[in-house]
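Below is one structure; the comments refer to it alone.
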Amino acid sequence: MFRPLEVFIGLRYTRAKRRNHFISFISLVSILGIAVGVTALITVISVMNGFDKELKERILGMVAHATISGIDESVRDWPHALERAAANPHVLGAAPYVEREAMLQGERVAGAIVRGVLPEYEPRVSEVDRRMVQGSLDELARGRFNIVLGRELAMQLGVGIGDMVTVITPEVSTSPAGVQPRFKRFHVSGLFEVGMQEYDGGLAIMHMDDAQTLYRLGGPTGVRLRLDDLFRAYAVARDVSGQLGQAYRVTDWMQGHSNFFKAIAMEKKVMFLILSLIVAVAAFNLVSTLVMLVTDKQADIAILRTLGATPASVMGMFMVQGVLVGALGIALGVLFGVLLSLNLEAIVKWVETTFGISFLSPDVYYISELPSDLHWNDVGWITVTAFVFCVIATLYPAWRAARTEPAAALRHE
């Protein structure tokens, strides 16, 4: 767009010492405004990415990427299902499970989801073994009727390690005494904490065989899969279920939590839009800067026009200067934004330690640290957006300079 002459004169105007120092001050304010806006935008988007990543890790640490369950109550030939699943190159791990609802009674009563697992298989599909705060998942031995509770659920029930919990199922049994619900007393052998209320306050884990005995099932409810690509979960599960040769129900992690992650994605887009307006306001400070510069350089413009410079050339000269100011502000903003995003957690900890404050109190929030996850594609989009704003902001002053008439400009010189 620019010929070397326009670039040379535009850069010369930038380096030259101006008579009006107020213009230099306004240019500095424009640079700092753009830098602050870009820094804020990169940092906030990185924090949104951090929360998204943290929540996905916590949710997917307890939820299988995909689940294959039988149309009837159970999958009887589950070893064959595991073998077929393991043969798929996208499947990293598979484990059988039983999942039913129940009412748990300790000192108090609370409803929960009961999940029966095999301790030797469960680490292949979830991270519950790494989320144990007391006890161990290996203590869920067959026939011992041990149970592992979420910490919040244990607090609701008023029980701890070593206490007994009665698990009452919705199914009933008929006896000479009448119709009675089935129940069984379990020994609390462990507590886990994921950091999500859905699991910490509503999930109880026992051995799969004990769950089958309690609910009188002939096999596990289904098979849970962990995959190498989260976003291919449904397709891979459908492929595996098709190889099993029977009718199975296929679900993936997105079906249970899609609205949650869609809400986070929407918030990220809204924050990008709002903070982009801040960058736009800072970029359009260039308009006032360049308008004052054009007024200050009326005589220069007239001389250049007299020497044969075209209106397009004059327009290019002032656009070079505006774009240069904007590019400098963007570069500073990207530099500070990237540095702040990469070191945000350490900076927040230092502020909390130094001033004795807490941004995310662990007593209130499950995520007590401010996460940050910098994505370079976000940095690229922010840079391009800010640059476009700066280019647009230079158009009117440069167009006004191009319309300058030499005779009118030199009339008062």
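Naming works like this for the structure tokens: A, B, ... for the chains as they're shown, residue 1 at the start of each chain, ligands 1 onward in shown order.
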Using DSSP on the backbone coordinates, identify the residues of segment 64-185 of chain A assigned to strand (DSSP E); present them as a ChimeraX atom specification. /A:66-70,91-105,109-117,132-135,146-150,164-175,178-185
Atoms kept (C-alpha atoms) for selection, written as a compact mmCIF listing (two decimals), in the first residue's frame:
# COMPACT_ATOMS: atom_id res chain seq x y z
CA ALA A 66 -17.71 -42.39 26.78
CA THR A 67 -20.00 -45.06 28.20
CA ILE A 68 -21.44 -48.19 26.62
CA SER A 69 -24.37 -49.59 28.61
CA GLY A 70 -26.77 -52.42 27.95
CA VAL A 91 -9.30 -46.32 23.53
CA LEU A 92 -6.72 -45.75 26.26
CA GLY A 93 -8.57 -47.63 28.97
CA ALA A 94 -11.83 -49.43 29.72
CA ALA A 95 -13.52 -50.50 32.95
CA PRO A 96 -16.89 -52.08 33.90
CA TYR A 97 -19.17 -50.33 36.34
CA VAL A 98 -22.52 -50.44 38.10
CA GLU A 99 -24.43 -47.21 38.70
CA ARG A 100 -27.67 -46.82 40.60
CA GLU A 101 -29.41 -44.37 42.92
CA ALA A 102 -29.70 -44.97 46.64
CA MET A 103 -30.42 -43.32 49.96
CA LEU A 104 -27.59 -43.38 52.49
CA GLN A 105 -28.15 -43.22 56.24
CA VAL A 109 -29.86 -39.18 55.62
CA ALA A 110 -28.82 -38.10 52.12
CA GLY A 111 -29.45 -39.28 48.58
CA ALA A 112 -26.52 -40.24 46.34
CA ILE A 113 -25.42 -42.04 43.20
CA VAL A 114 -23.86 -45.40 44.02
CA ARG A 115 -21.14 -46.49 41.64
CA GLY A 116 -19.74 -50.00 41.73
CA VAL A 117 -16.21 -50.32 40.33
CA MET A 132 -8.44 -39.79 47.81
CA VAL A 133 -7.92 -37.66 50.92
CA GLN A 134 -8.33 -40.55 53.38
CA GLY A 135 -8.10 -44.29 52.83
CA ASN A 146 -16.58 -51.23 52.16
CA ILE A 147 -17.64 -47.88 50.71
CA VAL A 148 -15.82 -44.70 49.68
CA LEU A 149 -17.69 -41.40 50.04
CA GLY A 150 -17.20 -37.90 48.75
CA MET A 164 -21.07 -47.56 59.28
CA VAL A 165 -23.45 -46.35 56.57
CA THR A 166 -26.70 -48.00 55.59
CA VAL A 167 -27.38 -48.04 51.84
CA ILE A 168 -31.10 -48.24 51.05
CA THR A 169 -32.09 -49.04 47.46
CA PRO A 170 -35.25 -47.91 45.65
CA GLU A 171 -36.07 -51.54 44.85
CA VAL A 172 -38.18 -53.50 47.30
CA SER A 173 -38.24 -57.11 48.45
CA THR A 174 -41.34 -59.14 49.26
CA SER A 175 -41.24 -61.20 52.46
CA GLY A 178 -44.59 -57.47 53.73
CA VAL A 179 -42.94 -55.30 51.11
CA GLN A 180 -39.67 -53.79 52.36
CA PRO A 181 -36.87 -51.83 50.72
CA ARG A 182 -33.54 -53.60 50.31
CA PHE A 183 -30.69 -52.23 52.39
CA LYS A 184 -27.18 -53.17 53.46
CA ARG A 185 -24.74 -51.73 55.98
Env of segment 230-242 of chain A: 12 Å cut, atoms = only C-alpha atoms, seq-sep filter 2 positions within chain, self excluded. Answer as a short mmCIF file (atom, residue, chain, number, x, y, z; two decimals) with N, CA and C atoms, in the first residue's frame.
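So the final result, stored in selection-v5.cif, reads:
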data_model
loop_
_atom_site.label_atom_id
_atom_site.label_comp_id
_atom_site.auth_asym_id
_atom_site.auth_seq_id
_atom_site.Cartn_x
_atom_site.Cartn_y
_atom_site.Cartn_z
N LYS A 56 -12.71 -28.80 33.26
CA LYS A 56 -12.71 -30.02 32.44
C LYS A 56 -11.91 -31.13 33.12
N GLU A 57 -10.75 -30.77 33.68
CA GLU A 57 -9.93 -31.79 34.34
C GLU A 57 -10.66 -32.37 35.54
N LEU A 60 -13.83 -34.37 34.08
CA LEU A 60 -13.44 -35.57 33.34
C LEU A 60 -12.56 -36.48 34.17
N VAL A 63 -15.60 -38.51 35.35
CA VAL A 63 -16.53 -38.99 34.32
C VAL A 63 -15.75 -39.63 33.19
N ALA A 64 -16.21 -40.78 32.75
CA ALA A 64 -15.58 -41.42 31.61
C ALA A 64 -15.86 -40.61 30.35
N HIS A 65 -14.94 -40.68 29.39
CA HIS A 65 -15.13 -39.95 28.15
C HIS A 65 -16.33 -40.48 27.37
N ALA A 66 -16.56 -41.77 27.45
CA ALA A 66 -17.71 -42.39 26.78
C ALA A 66 -18.15 -43.60 27.58
N THR A 67 -19.43 -43.94 27.45
CA THR A 67 -20.00 -45.06 28.20
C THR A 67 -20.84 -45.91 27.27
N ILE A 68 -20.64 -47.23 27.37
CA ILE A 68 -21.44 -48.19 26.62
C ILE A 68 -22.22 -49.00 27.65
N SER A 69 -23.53 -48.88 27.63
CA SER A 69 -24.37 -49.59 28.61
C SER A 69 -25.39 -50.45 27.88
N GLY A 70 -25.82 -51.50 28.55
CA GLY A 70 -26.77 -52.42 27.95
C GLY A 70 -28.18 -51.84 27.90
N ILE A 71 -28.98 -52.31 26.93
CA ILE A 71 -30.36 -51.87 26.84
C ILE A 71 -31.14 -52.39 28.04
N VAL A 75 -24.79 -55.78 31.50
CA VAL A 75 -23.98 -56.35 30.43
C VAL A 75 -23.32 -57.60 31.00
N TRP A 78 -19.12 -58.86 30.11
CA TRP A 78 -18.32 -57.64 30.10
C TRP A 78 -16.84 -57.87 29.77
N HIS A 80 -15.68 -59.70 27.41
CA HIS A 80 -15.63 -59.59 25.94
C HIS A 80 -15.74 -58.14 25.50
N ALA A 81 -16.59 -57.37 26.18
CA ALA A 81 -16.74 -55.94 25.85
C ALA A 81 -15.43 -55.18 26.09
N LEU A 82 -14.75 -55.51 27.20
CA LEU A 82 -13.45 -54.87 27.49
C LEU A 82 -12.42 -55.23 26.44
N GLU A 83 -12.45 -56.48 26.00
CA GLU A 83 -11.48 -56.92 24.99
C GLU A 83 -11.71 -56.20 23.66
N ARG A 84 -12.96 -56.04 23.27
CA ARG A 84 -13.27 -55.33 22.04
C ARG A 84 -12.88 -53.85 22.15
N ALA A 85 -13.15 -53.28 23.29
CA ALA A 85 -12.82 -51.86 23.48
C ALA A 85 -11.32 -51.64 23.43
N ALA A 86 -10.56 -52.52 24.07
CA ALA A 86 -9.11 -52.37 24.10
C ALA A 86 -8.49 -52.51 22.72
N ALA A 87 -9.19 -53.19 21.80
CA ALA A 87 -8.66 -53.37 20.44
C ALA A 87 -8.77 -52.10 19.62
N ASN A 88 -9.60 -51.14 20.05
CA ASN A 88 -9.74 -49.89 19.31
C ASN A 88 -8.54 -49.00 19.59
N PRO A 89 -7.88 -48.47 18.56
CA PRO A 89 -6.66 -47.69 18.79
C PRO A 89 -6.90 -46.37 19.53
N HIS A 90 -8.14 -45.88 19.55
CA HIS A 90 -8.43 -44.61 20.22
C HIS A 90 -8.78 -44.79 21.70
N VAL A 91 -8.93 -46.04 22.14
CA VAL A 91 -9.30 -46.32 23.53
C VAL A 91 -8.04 -46.51 24.36
N LEU A 92 -7.88 -45.66 25.36
CA LEU A 92 -6.72 -45.75 26.26
C LEU A 92 -6.98 -46.65 27.45
N ALA A 94 -10.43 -49.04 29.60
CA ALA A 94 -11.83 -49.43 29.72
C ALA A 94 -12.04 -50.11 31.07
N GLY A 222 -22.52 -51.32 32.56
CA GLY A 222 -21.92 -51.05 31.27
C GLY A 222 -20.42 -50.95 31.38
N VAL A 223 -19.82 -50.38 30.35
CA VAL A 223 -18.37 -50.23 30.26
C VAL A 223 -18.05 -48.76 30.03
N ARG A 224 -17.12 -48.23 30.79
CA ARG A 224 -16.69 -46.85 30.66
C ARG A 224 -15.36 -46.81 29.93
N LEU A 225 -15.19 -45.80 29.04
CA LEU A 225 -14.01 -45.71 28.19
C LEU A 225 -13.27 -44.39 28.42
N ARG A 226 -11.97 -44.46 28.37
CA ARG A 226 -11.13 -43.25 28.31
C ARG A 226 -10.43 -43.26 26.96
N LEU A 227 -10.50 -42.10 26.25
CA LEU A 227 -10.05 -42.03 24.86
C LEU A 227 -8.90 -41.05 24.70
N ASP A 228 -8.25 -41.13 23.54
CA ASP A 228 -7.14 -40.21 23.26
C ASP A 228 -7.63 -38.87 22.73
N LEU A 244 -19.62 -55.13 19.18
CA LEU A 244 -20.05 -56.09 20.20
C LEU A 244 -21.19 -56.98 19.72
N GLY A 245 -21.89 -56.55 18.66
CA GLY A 245 -22.89 -57.42 18.06
C GLY A 245 -24.25 -57.39 18.72
N GLN A 246 -24.48 -56.51 19.69
CA GLN A 246 -25.79 -56.41 20.32
C GLN A 246 -26.20 -54.95 20.38
N ALA A 247 -27.40 -54.71 20.89
CA ALA A 247 -27.90 -53.34 21.03
C ALA A 247 -27.39 -52.75 22.33
N TYR A 248 -26.70 -51.63 22.23
CA TYR A 248 -26.17 -50.96 23.42
C TYR A 248 -26.53 -49.48 23.35
N ARG A 249 -26.60 -48.88 24.52
CA ARG A 249 -26.83 -47.44 24.63
C ARG A 249 -25.48 -46.75 24.75
N VAL A 250 -25.23 -45.73 23.94
CA VAL A 250 -23.94 -45.04 23.92
C VAL A 250 -24.15 -43.59 24.37
N THR A 251 -23.36 -43.15 25.33
CA THR A 251 -23.37 -41.76 25.79
C THR A 251 -21.92 -41.28 25.90
N ASP A 252 -21.73 -39.95 25.84
CA ASP A 252 -20.39 -39.40 26.02
C ASP A 252 -20.44 -38.27 27.04
N TRP A 253 -19.27 -37.76 27.39
CA TRP A 253 -19.18 -36.76 28.45
C TRP A 253 -19.88 -35.46 28.09
N MET A 254 -19.97 -35.15 26.80
CA MET A 254 -20.58 -33.89 26.39
C MET A 254 -22.09 -33.91 26.59
N GLN A 255 -22.72 -35.08 26.54
CA GLN A 255 -24.16 -35.15 26.71
C GLN A 255 -24.57 -34.76 28.12
N SER A 258 -22.69 -30.70 28.40
CA SER A 258 -22.54 -29.82 27.25
C SER A 258 -22.98 -28.39 27.55
#
Identify all residues of segment 93-323 of chain A in alpha helix (DSSP H) (DSSP on the backbone) and supply them as a PyMOL selection string. chain A and resi 151-157+197-200+208-215+233-244+253-283+285-296+298-306+311-323
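Distances here use only C-alpha atoms; by that measure, the residue among A:Gln156, A:Thr39, A:Ser27, A:Thr404 closest to Leu304 of chain A is A:Thr404.
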Compile the contact shell of Ser126 of chain A as a list in words: residues with an atom at most 6 Å away, counting only C-alpha atoms, same-chain residues fewer than 3 positions apart removed. Gly61, Met62 and Pro123 of chain A
